[in-house]
>>> print(open('entry16.cif').read())   # mmCIF, C-alpha atoms and all ligand atoms
data_entry
#
loop_
_atom_site.label_atom_id
_atom_site.label_comp_id
_atom_site.auth_asym_id
_atom_site.auth_seq_id
_atom_site.Cartn_x
_atom_site.Cartn_y
_atom_site.Cartn_z
CA MET A 1 -115.02 118.10 13.05
CA SER A 2 -111.52 118.22 11.72
CA SER A 3 -110.49 115.12 13.66
CA THR A 4 -113.36 113.13 12.10
CA ALA A 5 -112.23 114.26 8.70
CA GLY A 6 -108.71 113.17 9.60
CA HIS A 7 -109.88 109.70 10.60
CA GLY A 8 -111.85 109.49 7.37
CA ARG A 9 -108.71 110.19 5.42
CA ILE A 10 -106.72 107.56 7.28
CA ASN A 11 -109.44 104.94 6.86
CA LYS A 12 -109.68 105.73 3.19
CA ALA A 13 -105.93 105.43 2.89
CA SER A 14 -105.70 102.11 4.72
CA ALA A 15 -108.66 100.79 2.73
CA ALA A 16 -106.61 101.31 -0.44
CA GLY A 17 -105.24 97.79 -0.19
CA PRO A 18 -103.27 97.42 -3.42
CA ALA A 19 -101.32 100.63 -2.69
CA LEU A 20 -99.76 98.87 0.30
CA ASP A 21 -98.55 96.06 -1.94
CA PRO A 22 -95.38 94.84 -0.17
CA LEU A 23 -93.51 94.64 -3.49
CA LEU A 24 -94.14 98.32 -4.27
CA LEU A 25 -93.39 99.21 -0.69
CA GLU A 26 -90.01 97.50 -0.90
CA LEU A 27 -89.20 99.08 -4.29
CA THR A 28 -90.05 102.55 -2.94
CA ARG A 29 -88.02 101.97 0.21
CA ARG A 30 -84.99 100.93 -1.81
CA LEU A 31 -85.42 103.91 -4.16
CA ALA A 32 -85.41 106.35 -1.23
CA ASP A 33 -82.33 104.65 0.25
CA ARG A 34 -80.42 104.71 -3.00
CA VAL A 35 -81.27 108.33 -3.81
CA LEU A 36 -79.88 109.24 -0.40
CA LEU A 37 -76.65 107.39 -1.13
CA SER A 38 -76.28 108.48 -4.77
CA ASN A 39 -75.10 112.01 -3.76
CA PHE A 40 -71.57 110.74 -3.13
CA SER A 41 -71.06 109.40 -6.65
CA SER A 42 -72.67 112.52 -8.19
CA VAL A 43 -70.18 114.74 -6.40
CA LEU A 44 -67.35 112.95 -8.29
CA GLY A 45 -68.99 113.91 -11.62
CA TYR A 46 -69.43 117.54 -10.51
CA GLY A 47 -65.81 117.66 -9.43
CA LEU A 48 -64.53 116.50 -12.81
CA GLN A 49 -66.80 118.89 -14.71
CA ALA A 50 -65.87 121.83 -12.48
CA TYR A 51 -62.18 121.03 -13.05
CA LEU A 52 -62.73 121.05 -16.86
CA ALA A 53 -64.74 124.27 -16.67
CA LEU A 54 -62.18 126.12 -14.57
CA GLY A 55 -59.94 126.52 -17.62
CA LEU A 56 -62.77 127.92 -19.74
CA LEU A 57 -64.99 130.03 -17.46
CA PRO A 58 -64.59 132.52 -14.61
CA ARG A 59 -64.19 130.88 -11.21
CA THR A 60 -67.32 132.50 -9.73
CA GLN A 61 -69.46 131.03 -12.49
CA VAL A 62 -68.02 127.53 -11.89
CA TRP A 63 -68.48 127.77 -8.11
CA GLY A 64 -72.01 129.09 -8.64
CA TRP A 65 -72.82 126.11 -10.83
CA LEU A 66 -71.33 123.70 -8.32
CA GLY A 67 -73.39 125.33 -5.54
CA LEU A 68 -76.59 125.02 -7.56
CA MET A 69 -76.00 121.34 -8.28
CA LEU A 70 -75.22 120.57 -4.64
CA LEU A 71 -78.36 122.42 -3.60
CA LEU A 72 -80.43 120.27 -5.97
CA GLU A 73 -78.74 117.15 -4.57
CA VAL A 74 -79.62 118.22 -1.03
CA GLY A 75 -83.21 118.89 -2.16
CA ASN A 76 -83.50 115.39 -3.64
CA SER A 77 -81.98 113.86 -0.51
CA LEU A 78 -84.51 115.69 1.68
CA VAL A 79 -87.33 114.36 -0.50
CA ALA A 80 -85.89 110.82 -0.18
CA TRP A 81 -85.55 111.28 3.59
CA TRP A 82 -89.19 112.33 3.82
CA GLY A 83 -90.16 109.45 1.50
CA ARG A 84 -88.64 106.89 3.89
CA SER A 85 -90.90 108.10 6.68
CA VAL A 86 -94.17 107.92 4.71
CA LEU A 87 -93.74 104.52 3.06
CA ARG A 88 -96.64 102.96 4.94
CA HIS A 89 -99.04 105.73 4.01
CA PRO A 90 -100.31 104.91 0.49
CA GLU A 91 -101.32 108.44 -0.54
CA ARG A 92 -98.16 110.10 0.79
CA LYS A 93 -96.04 107.34 -0.73
CA ARG A 94 -97.53 108.12 -4.15
CA ARG A 95 -96.89 111.82 -3.55
CA TYR A 96 -93.30 111.00 -2.62
CA LEU A 97 -92.77 109.05 -5.87
CA ARG A 98 -94.14 111.94 -7.93
CA LEU A 99 -92.05 114.50 -6.04
CA GLN A 100 -88.88 112.40 -6.26
CA SER A 101 -89.36 111.88 -10.03
CA LEU A 102 -89.91 115.60 -10.47
CA GLY A 103 -86.85 116.41 -8.37
CA LEU A 104 -84.72 114.01 -10.37
CA LEU A 105 -86.03 115.47 -13.67
CA LEU A 106 -85.04 118.90 -12.40
CA LEU A 107 -81.62 117.69 -11.26
CA GLY A 108 -81.01 115.87 -14.57
CA SER A 109 -82.11 118.89 -16.61
CA CYS A 110 -79.96 121.34 -14.66
CA TRP A 111 -77.03 118.98 -14.90
CA GLY A 112 -77.47 118.38 -18.65
CA VAL A 113 -78.02 122.05 -19.58
CA SER A 114 -75.41 123.53 -17.29
CA ALA A 115 -72.74 120.95 -18.04
CA LEU A 116 -72.96 121.72 -21.73
CA ALA A 117 -73.19 125.44 -21.08
CA LEU A 118 -69.98 125.14 -19.09
CA ALA A 119 -68.27 123.33 -21.94
CA LEU A 120 -69.72 124.97 -25.07
CA PRO A 121 -67.56 128.05 -25.14
CA GLY A 122 -64.45 125.93 -25.15
CA GLU A 123 -62.76 123.45 -27.37
CA ILE A 124 -64.14 120.17 -28.61
CA LEU A 125 -62.29 118.14 -25.93
CA PRO A 126 -64.08 119.64 -22.88
CA TYR A 127 -67.37 119.25 -24.75
CA VAL A 128 -66.73 115.56 -25.45
CA LEU A 129 -65.55 114.97 -21.88
CA ASN A 130 -68.67 116.64 -20.49
CA VAL A 131 -70.92 114.57 -22.74
CA PHE A 132 -68.96 111.51 -21.62
CA VAL A 133 -69.56 112.41 -17.95
CA LEU A 134 -73.29 112.85 -18.61
CA VAL A 135 -73.54 109.49 -20.40
CA VAL A 136 -71.62 107.75 -17.60
CA VAL A 137 -73.87 109.41 -14.97
CA GLY A 138 -76.89 108.20 -16.98
CA ALA A 139 -75.50 104.66 -17.09
CA PHE A 140 -74.77 104.69 -13.35
CA SER A 141 -78.27 105.99 -12.61
CA ILE A 142 -79.75 102.70 -13.94
CA HIS A 143 -78.64 100.91 -10.77
CA ASN A 144 -80.43 103.33 -8.46
CA LEU A 145 -83.37 104.57 -10.46
CA CYS A 146 -84.45 101.34 -12.18
CA LEU A 147 -86.49 100.81 -8.99
CA TYR A 148 -88.96 103.39 -10.32
CA LEU A 149 -88.87 103.70 -14.12
CA PRO A 150 -90.54 107.15 -14.38
CA ALA A 151 -87.72 108.52 -12.19
CA LEU A 152 -85.10 106.86 -14.41
CA ALA A 153 -86.78 108.14 -17.60
CA GLY A 154 -87.14 111.69 -16.21
CA PHE A 155 -83.60 112.01 -14.89
CA ASN A 156 -82.02 110.73 -18.11
CA LEU A 157 -84.29 112.82 -20.30
CA GLY A 158 -83.09 115.90 -18.43
CA LEU A 159 -79.52 114.69 -18.77
CA LEU A 160 -79.47 113.62 -22.45
CA LEU A 161 -81.97 115.92 -24.18
CA PRO A 162 -79.61 118.90 -23.84
CA VAL A 163 -76.85 116.68 -25.29
CA ALA A 164 -79.08 115.89 -28.29
CA LEU A 165 -79.97 119.58 -28.76
CA SER A 166 -76.37 120.66 -28.35
CA GLY A 167 -75.72 118.97 -31.68
CA PHE A 168 -77.27 122.03 -33.36
CA TRP A 169 -74.79 124.39 -31.72
CA GLN A 170 -71.75 122.21 -31.79
CA ALA A 171 -70.25 123.22 -35.11
CA GLN A 172 -67.36 120.78 -34.91
CA LEU A 173 -69.60 117.68 -34.81
CA HIS A 174 -72.37 116.54 -37.12
CA ALA A 175 -75.75 117.38 -35.48
CA GLY A 176 -77.38 114.14 -36.70
CA LEU A 177 -74.59 112.10 -35.14
CA VAL A 178 -74.88 113.85 -31.75
CA ILE A 179 -78.69 113.57 -31.70
CA THR A 180 -78.63 109.87 -32.70
CA ALA A 181 -75.97 109.07 -30.10
CA ALA A 182 -77.92 110.88 -27.35
CA LEU A 183 -81.22 109.22 -28.25
CA PHE A 184 -79.52 105.84 -28.56
CA SER A 185 -77.96 106.29 -25.10
CA TYR A 186 -81.39 107.22 -23.73
CA LEU A 187 -82.96 104.12 -25.28
CA VAL A 188 -80.21 101.85 -23.94
CA VAL A 189 -80.62 103.32 -20.44
CA LEU A 190 -84.37 102.72 -20.54
CA LEU A 191 -84.01 99.14 -21.85
CA TYR A 192 -81.39 98.23 -19.25
CA GLY A 193 -83.50 99.96 -16.58
CA LEU A 194 -86.52 97.88 -17.59
CA GLY A 195 -84.48 94.67 -17.41
CA ALA A 196 -82.99 95.61 -14.04
CA ASN A 197 -86.44 96.57 -12.72
CA ARG A 198 -87.83 93.16 -13.69
CA ALA A 199 -84.86 91.35 -12.12
CA ILE A 200 -85.28 93.28 -8.85
CA ARG A 201 -89.03 92.58 -8.79
CA ARG A 202 -88.30 88.87 -9.31
CA GLU A 203 -85.68 88.91 -6.56
CA ILE A 204 -88.01 90.68 -4.08
CA LYS A 205 -90.91 88.34 -4.92
CA ALA A 206 -88.66 85.32 -4.39
CA ARG A 207 -87.50 86.75 -1.06
CA PHE A 208 -91.09 87.34 0.04
CA ALA A 209 -92.06 83.82 -1.01
CA MET A 210 -89.11 82.48 0.98
CA GLN A 211 -90.11 84.58 4.01
CA ALA A 212 -93.72 83.37 3.77
CA LEU A 213 -92.49 79.79 3.50
CA THR A 214 -90.20 80.24 6.50
CA GLU A 215 -93.03 81.76 8.53
CA GLU A 216 -95.34 78.92 7.51
CA LEU A 217 -92.71 76.40 8.52
CA ILE A 218 -92.14 78.14 11.85
CA GLY A 219 -95.92 78.13 12.44
CA LYS A 220 -96.22 74.46 11.51
CA ASN A 221 -93.27 73.63 13.72
CA ARG A 222 -94.89 75.51 16.61
CA ASP A 223 -98.18 73.65 16.04
CA LEU A 224 -96.34 70.35 15.95
CA THR A 225 -94.44 71.15 19.15
CA GLN A 226 -97.72 72.05 20.87
CA ALA A 227 -99.42 68.90 19.59
CA TYR A 228 -96.43 66.83 20.71
CA ARG A 229 -96.54 68.43 24.19
CA LEU A 230 -100.28 67.72 24.41
CA ILE A 231 -99.81 64.11 23.39
CA GLU A 232 -96.95 63.81 25.86
CA GLU A 233 -99.11 65.33 28.61
CA GLN A 234 -102.05 63.10 27.79
CA ALA A 235 -99.82 60.04 27.61
CA ALA A 236 -98.64 60.82 31.14
CA GLN A 237 -102.13 61.43 32.56
CA ASP A 238 -105.04 59.44 33.79
CA PRO A 239 -108.00 60.60 31.64
CA LEU A 240 -110.54 60.80 34.49
CA THR A 241 -108.65 62.47 37.32
CA HIS A 242 -105.80 64.04 35.30
CA CYS A 243 -103.36 62.65 37.85
CA LEU A 244 -100.16 61.11 36.55
CA ASN A 245 -100.45 57.51 35.40
CA ARG A 246 -98.23 54.64 36.56
CA ARG A 247 -95.71 54.94 33.74
CA ALA A 248 -95.28 58.70 34.25
CA LEU A 249 -94.86 58.33 38.02
CA ARG A 250 -92.20 55.67 37.53
CA GLN A 251 -90.29 58.04 35.24
CA ARG A 252 -90.61 60.96 37.66
CA PHE A 253 -89.41 58.76 40.49
CA GLN A 254 -86.02 58.45 38.76
CA GLN A 255 -85.71 62.23 38.68
CA LEU A 256 -86.83 62.58 42.31
CA GLN A 257 -84.36 59.94 43.41
CA GLU A 258 -81.48 61.79 41.73
CA ARG A 259 -82.57 65.00 43.43
CA ARG A 260 -82.85 63.15 46.75
CA ARG A 261 -79.30 61.88 46.38
CA SER A 262 -77.84 65.29 45.55
CA GLU A 263 -79.89 67.24 48.13
CA ASP A 264 -80.02 64.48 50.76
CA VAL A 265 -83.74 64.90 51.50
CA PHE A 266 -86.50 62.56 52.44
CA LEU A 267 -88.62 60.63 49.90
CA GLY A 268 -91.58 58.45 50.81
CA ALA A 269 -94.65 56.81 49.27
CA LEU A 270 -98.31 56.73 50.31
CA MET A 271 -100.62 54.11 48.82
CA ILE A 272 -104.16 55.48 49.19
CA ASP A 273 -107.07 53.08 48.63
CA VAL A 274 -110.77 54.04 48.88
CA ASP A 275 -112.72 51.89 51.29
CA HIS A 276 -115.71 49.92 50.01
CA PHE A 277 -115.68 51.75 46.72
CA LYS A 278 -117.62 48.97 45.04
CA ALA A 279 -120.50 49.68 47.44
CA ILE A 280 -120.52 53.37 46.41
CA ASN A 281 -120.75 52.36 42.76
CA ASP A 282 -123.43 49.81 43.48
CA ARG A 283 -125.54 52.14 45.59
CA TYR A 284 -125.21 55.50 43.82
CA GLY A 285 -124.10 54.49 40.33
CA HIS A 286 -120.86 54.66 38.37
CA ALA A 287 -121.16 58.43 37.75
CA ALA A 288 -121.26 59.02 41.51
CA GLY A 289 -118.19 56.79 41.83
CA ASP A 290 -116.36 58.91 39.24
CA GLN A 291 -117.36 62.11 41.04
CA ALA A 292 -116.13 60.59 44.32
CA LEU A 293 -112.73 59.90 42.74
CA LEU A 294 -112.45 63.51 41.49
CA THR A 295 -113.34 64.89 44.92
CA LEU A 296 -110.89 62.53 46.54
CA VAL A 297 -108.07 63.72 44.28
CA ALA A 298 -108.89 67.36 45.03
CA ARG A 299 -108.80 66.69 48.78
CA ILE A 300 -105.54 64.76 48.58
CA LYS A 301 -103.90 67.53 46.54
CA GLU A 302 -104.89 70.12 49.15
CA GLN A 303 -102.67 68.28 51.61
CA LEU A 304 -99.65 67.95 49.31
CA ARG A 305 -96.81 70.32 48.49
CA ALA A 306 -95.85 71.40 44.99
CA ALA A 307 -92.91 68.99 44.87
CA ASP A 308 -95.06 65.95 45.76
CA LEU A 309 -96.49 63.74 43.02
CA LEU A 310 -99.86 62.02 42.83
CA ALA A 311 -100.66 59.17 40.43
CA ARG A 312 -103.67 56.96 39.86
CA TRP A 313 -102.28 53.53 40.52
CA GLY A 314 -105.38 51.46 39.77
CA GLY A 315 -109.20 51.83 39.86
CA GLU A 316 -109.65 53.41 43.32
CA GLU A 317 -106.00 53.28 44.32
CA PHE A 318 -103.66 56.30 44.29
CA LEU A 319 -99.93 56.43 44.88
CA CYS A 320 -98.40 59.56 46.23
CA LEU A 321 -94.65 60.36 46.32
CA VAL A 322 -93.90 62.79 49.12
CA PHE A 323 -90.67 64.70 48.71
CA GLY A 324 -88.64 66.57 51.31
CA GLY A 325 -89.41 67.13 55.01
CA GLU A 326 -88.30 65.14 58.05
CA GLY A 327 -88.95 61.46 58.81
CA GLU A 328 -92.24 62.23 60.62
CA HIS A 329 -93.50 64.36 57.74
CA LEU A 330 -94.82 61.31 55.83
CA PRO A 331 -97.19 59.94 58.55
CA ARG A 332 -98.37 63.48 59.24
CA VAL A 333 -99.31 64.00 55.58
CA ALA A 334 -100.99 60.56 55.49
CA GLU A 335 -103.05 61.34 58.56
CA ARG A 336 -104.03 64.75 57.19
CA ILE A 337 -105.23 63.14 53.96
CA ARG A 338 -107.20 60.45 55.78
CA ALA A 339 -108.89 63.02 58.02
CA ALA A 340 -109.62 65.48 55.18
CA VAL A 341 -111.24 62.78 53.03
CA GLY A 342 -113.33 61.29 55.84
CA MET A 343 -114.44 64.62 57.24
CA LEU A 344 -116.50 66.08 54.40
CA PRO A 345 -119.14 63.95 52.66
CA LEU A 346 -119.41 64.27 48.88
CA LYS A 347 -122.64 65.77 47.53
CA PHE A 348 -124.05 63.89 44.55
CA GLU A 349 -127.54 64.58 43.21
CA GLY A 350 -128.76 65.66 46.64
CA GLU A 351 -127.23 62.64 48.40
CA ASP A 352 -124.37 62.80 50.92
CA ILE A 353 -121.80 60.15 50.04
CA ARG A 354 -119.27 59.41 52.74
CA ILE A 355 -115.91 58.08 51.69
CA THR A 356 -112.95 56.99 53.72
CA VAL A 357 -109.50 55.86 52.72
CA SER A 358 -106.95 53.38 53.99
CA ILE A 359 -103.35 54.51 53.59
CA GLY A 360 -100.13 52.50 53.58
CA LEU A 361 -96.89 54.42 53.93
CA ALA A 362 -93.26 53.54 53.23
CA SER A 363 -90.10 55.71 53.40
CA LEU A 364 -87.51 55.07 50.73
CA ALA A 365 -84.66 53.06 52.25
CA GLU A 366 -81.06 53.44 51.10
CA GLY A 367 -80.51 51.51 47.86
CA GLU A 368 -84.20 50.69 47.50
CA ASP A 369 -85.80 50.88 44.04
CA PHE A 370 -89.25 52.07 43.03
CA GLU A 371 -90.82 48.61 42.77
CA ALA A 372 -89.66 47.65 46.28
CA LEU A 373 -90.95 50.94 47.73
CA VAL A 374 -94.38 50.41 46.11
CA ARG A 375 -94.48 46.79 47.35
CA ARG A 376 -93.92 47.96 50.92
CA ALA A 377 -96.57 50.73 50.64
CA ASP A 378 -98.97 48.16 49.15
CA ALA A 379 -98.31 45.75 52.01
CA ALA A 380 -98.96 48.58 54.48
CA VAL A 381 -102.30 49.46 52.90
CA TYR A 382 -103.24 45.79 53.05
CA ARG A 383 -102.60 45.92 56.79
CA ALA A 384 -104.73 49.08 57.08
CA LYS A 385 -107.61 47.28 55.36
CA LYS A 386 -107.17 44.27 57.58
CA GLY A 387 -107.06 46.48 60.64
CA GLY A 388 -110.53 47.89 59.93
CA ARG A 389 -109.98 50.48 57.14
CA ASN A 390 -110.03 54.33 57.44
CA ARG A 391 -106.55 54.26 58.97
CA VAL A 392 -102.87 54.75 58.22
CA CYS A 393 -100.38 51.87 58.52
CA ARG A 394 -96.66 51.61 57.85
N1 LIG B 1 -116.93 54.73 39.27
C1 LIG B 1 -115.76 54.14 39.05
N2 LIG B 1 -115.51 52.98 39.62
C2 LIG B 1 -114.31 52.39 39.43
C3 LIG B 1 -113.32 52.98 38.63
N3 LIG B 1 -112.25 52.16 38.61
C4 LIG B 1 -112.56 51.09 39.39
N4 LIG B 1 -113.78 51.23 39.89
C5 LIG B 1 -114.51 50.34 40.75
O1 LIG B 1 -113.87 50.29 42.01
C6 LIG B 1 -114.30 49.09 42.63
C7 LIG B 1 -113.14 48.51 43.41
O2 LIG B 1 -113.68 47.46 44.19
P1 LIG B 1 -112.81 46.55 45.11
O3 LIG B 1 -111.49 46.27 44.48
O4 LIG B 1 -113.64 45.39 45.45
O5 LIG B 1 -112.51 47.42 46.38
P2 LIG B 1 -113.44 48.13 47.40
O6 LIG B 1 -114.87 47.94 47.07
O7 LIG B 1 -112.99 49.55 47.49
O8 LIG B 1 -113.12 47.42 48.73
P3 LIG B 1 -111.89 47.60 49.65
O9 LIG B 1 -110.78 48.17 48.82
O10 LIG B 1 -111.55 46.25 50.15
O11 LIG B 1 -112.27 48.52 50.71
C8 LIG B 1 -114.84 48.20 41.53
O12 LIG B 1 -116.21 48.07 41.65
C9 LIG B 1 -114.50 48.93 40.25
O13 LIG B 1 -115.48 48.73 39.25
C10 LIG B 1 -113.64 54.21 38.01
O14 LIG B 1 -112.85 54.80 37.30
N5 LIG B 1 -114.86 54.75 38.26
#
>>> encode(input="entry16.cif", output="structure tokens")
Amino acid sequence: MSSTAGHGRINKASAAGPALDPLLLELTRRLADRVLLSNFSSVLGYGLQAYLALGLLPRTQVWGWLGLMLLLEVGNSLVAWWGRSVLRHPERKRRYLRLQSLGLLLLGSCWGVSALALALPGEILPYVLNVFVLVVVGAFSIHNLCLYLPALAGFNLGLLLPVALSGFWQAQLHAGLVITAALFSYLVVLLYGLGANRAIRREIKARFAMQALTEELIGKNRDLTQAYRLIEEQAAQDPLTHCLNRRALRQRFQQLQERRRSEDVFLGALMIDVDHFKAINDRYGHAAGDQALLTLVARIKEQLRAADLLARWGGEEFLCLVFGGEGEHLPRVAERIRAAVGMLPLKFEGEDIRITVSIGLASLAEGEDFEALVRRADAAVYRAKKGGRNRVCR
């Protein structure tokens, strides 16, 4: 029961789309980070005020005040720490913002009231210095708290309202002057905070736009690379059998030849030509002829190794580059192909179509180029045809 309710809450939270606005998320994240870091600069202010108060008040009172302020700082830091961990949860993020604003209002108020309380019993100079510290702290807080204006307004209200009210007790200064100065400082802080908030929002939006653009470009680049690879693949393939085409085989031959030179292994060519293919087309139709070519390719590939290459050389002619192995490897492969093709008839629309192949083989001689190798394999297949077909010749 409770788990269902829990899921309901989570769904409701994630359905609250606008609350997960990346801009607000980033602003909140930065606020939490900066509140965590702001403790260090605050401690400088406390130090100066404690030093001023030491001459006017008993030590225990000053240390007590310092302890209270540090405790409030720790409290705010803990809230910020918690806030960083709930950023992606809209409801908890809102709760964090409220809690952090409240914490900062409390910190500002305690700081404003106590700082003046520490200074009031004394001379005018400690009072002015304390007010100066509070105004400077308020000015510094713009940088951190402008990320969330209610937090900035709350903290500075707590800080400067006691200054304004202190005008009534501070006999040596005109109350109107103190109140006006405090309210003016408050107004300036808010105006600067608003400006800074807008600038940060603009900067974050620009960064997001740049990120989105970069991602779009990366995506487009990936699509283009894929499309280019596909075009390259298709340009190297025969559309019917998906074997390499002539141009691609010629290119691969260069690579194989370099490998052959460096590894000193065997390289040979098999020219495979279907026997009486025209008769198959004429008797069973062109579609049966196409099917026969696909079956033929499958059977040839079964006899080849991964390093070998098969290309469609012409209509019913295939050229195979056999790589590696000993000198007798090439005729063995050729014989295996011839036997495998001739053994199993092809089934097409209930008919058994028998195909056989004539194969001409040639081993690459030292210094021989691709064209010469193909010419010799071609001459050998011619001899196989002349000799009665369904045979291997060299
Ligand atoms: N179905 C089909 N037929 C093709 C394709 N390419 C070429 N052909 C046919 O293959 C036949 C080749 O005929 P020929 O060159 O006379 O050779 P053959 O009939 O095999 O005779 P031999 O090679 O002398 O045994 C022609 O009829 C072409 O139309 C193709 O992609 N599909």
>>> closest_residue(input="entry16.cif", among="A:Gly176, A:Pro126, A:Gly108, A:Gly325", to="A:Leu152", atoms="only C-alpha atoms")
A:Gly108
>>> atom_distance(input="entry16.cif", atom1="atom CA of A:Arg252", atom2="atom CA of A:Gly327")
21.2 Å
>>> residues_around(input="entry16.cif", residues="stretch 201-205 of chain A", least_positions_apart="6", cutoff="10 Å", atoms="all atoms listed in the file", output="list in words")
Pro22, Leu23, Leu24, Glu26, Leu27, Leu147, Gly195 and Gln211 of chain A
>>> residues_around(input="entry16.cif", residues="stretch 289-300 of chain A", least_positions_apart="6", cutoff="7 Å", atoms="only C-alpha atoms", output="list in words")
Thr241, Ile280, Asn281, Ile337, Ala340, Val341 and Leu346 of chain A
>>> residues_near_point(input="entry16.cif", point="(-72.0, 111.7, -20.4)", cutoff="10 Å", atoms="all atoms listed in the file", output="list in words")
Gly45, Gly112, Ala115, Tyr127, Val128, Leu129, Asn130, Val131, Phe132, Val133, Leu134, Val135, Val136, Val137, Gly138, Ala139, Leu159, Leu160, Val163, Ala182 and Ser185 of chain A
>>> closest_residue(input="entry16.cif", among="A:Glu73, A:Glu302, A:Glu263, A:Glu316", to="A:Lys278", atoms="only C-alpha atoms")
A:Glu316
>>> residues_around(input="entry16.cif", residues="A:Arg94", least_positions_apart="4", cutoff="12 Å", atoms="only C-alpha atoms", output="MDAnalysis selection string")
chainID A and resid 13 16 19:20 24:25 28 83 86:90 98:101 148
>>> closest_atom_pairs(input="entry16.cif", of="chain A", to="ligand LIG 1 (chain B)", cutoff="12 Å", atoms="only C-alpha atoms and all ligand atoms", output="tab-separated table")
residue	atom	partner	partner_atom	distance
A:Asp238	CA	B:LIG1	O14	9.7
A:Pro239	CA	B:LIG1	O14	9.4
A:Leu240	CA	B:LIG1	O14	7.0
A:Thr241	CA	B:LIG1	O14	8.7
A:His242	CA	B:LIG1	O14	11.8
A:Met271	CA	B:LIG1	O9	11.8
A:Ile272	CA	B:LIG1	O9	9.9
A:Asp273	CA	B:LIG1	O9	6.2
A:Val274	CA	B:LIG1	O7	5.2
A:Asp275	CA	B:LIG1	O11	3.4
A:His276	CA	B:LIG1	O6	3.6
A:Phe277	CA	B:LIG1	O7	3.6
A:Lys278	CA	B:LIG1	O6	3.6
A:Ala279	CA	B:LIG1	O6	5.9
A:Ile280	CA	B:LIG1	O6	7.9
A:Asn281	CA	B:LIG1	N1	5.7
A:Asp282	CA	B:LIG1	O12	7.6
A:Arg283	CA	B:LIG1	O12	10.9
A:Tyr284	CA	B:LIG1	N1	9.5
A:Gly285	CA	B:LIG1	N1	7.3
A:His286	CA	B:LIG1	N1	4.0
A:Ala287	CA	B:LIG1	N1	5.8
A:Ala288	CA	B:LIG1	N1	6.5
A:Gly289	CA	B:LIG1	N1	3.5
A:Asp290	CA	B:LIG1	N1	4.2
A:Gln291	CA	B:LIG1	N1	7.6
A:Ala292	CA	B:LIG1	N1	7.8
A:Leu293	CA	B:LIG1	N5	7.2
A:Leu294	CA	B:LIG1	N5	9.6
A:Arg312	CA	B:LIG1	O14	9.8
A:Trp313	CA	B:LIG1	N3	10.2
A:Gly314	CA	B:LIG1	N3	7.0
A:Gly315	CA	B:LIG1	N3	3.3
A:Glu316	CA	B:LIG1	O1	5.4
A:Glu317	CA	B:LIG1	O9	8.3
A:Phe318	CA	B:LIG1	N3	11.1
A:Ile355	CA	B:LIG1	O7	9.9
A:Thr356	CA	B:LIG1	O11	9.0
A:Val357	CA	B:LIG1	O11	8.1
A:Ser358	CA	B:LIG1	O11	7.9
A:Ile359	CA	B:LIG1	O9	10.9
A:Asp378	CA	B:LIG1	O9	11.8
A:Val381	CA	B:LIG1	O9	9.5
A:Tyr382	CA	B:LIG1	O10	8.8
A:Arg383	CA	B:LIG1	O10	11.1
A:Ala384	CA	B:LIG1	O11	9.9
A:Lys385	CA	B:LIG1	O10	6.6
A:Lys386	CA	B:LIG1	O10	8.8
A:Gly387	CA	B:LIG1	O11	11.4
A:Gly388	CA	B:LIG1	O11	9.4
A:Arg389	CA	B:LIG1	O11	7.1
A:Asn390	CA	B:LIG1	O11	9.2
A:Arg391	CA	B:LIG1	O11	11.6
>>> residues_around(input="entry16.cif", residues="stretch 31-41 of chain A", least_positions_apart="4", cutoff="6 Å", atoms="only C-alpha atoms", output="PyMOL selection string")
chain A and resi 77+80+144+147
>>> atom_distance(input="entry16.cif", atom1="atom CA of A:Leu190", atom2="atom CA of A:Ala153")
6.6 Å
>>> atom_distance(input="entry16.cif", atom1="atom CA of A:Arg375", atom2="atom CA of A:Leu244")
18.8 Å
>>> residues_around(input="entry16.cif", residues="A:Val265", least_positions_apart="2", cutoff="12 Å", atoms="all atoms listed in the file", output="VMD selection string")
chain A and resid 256 to 263 267 to 268 322 to 327 329 363 to 366
>>> closest_residue(input="entry16.cif", among="A:Pro150, A:Gly64, A:Gly103, A:Gly342", to="A:Asn197", atoms="only C-alpha atoms")
A:Pro150
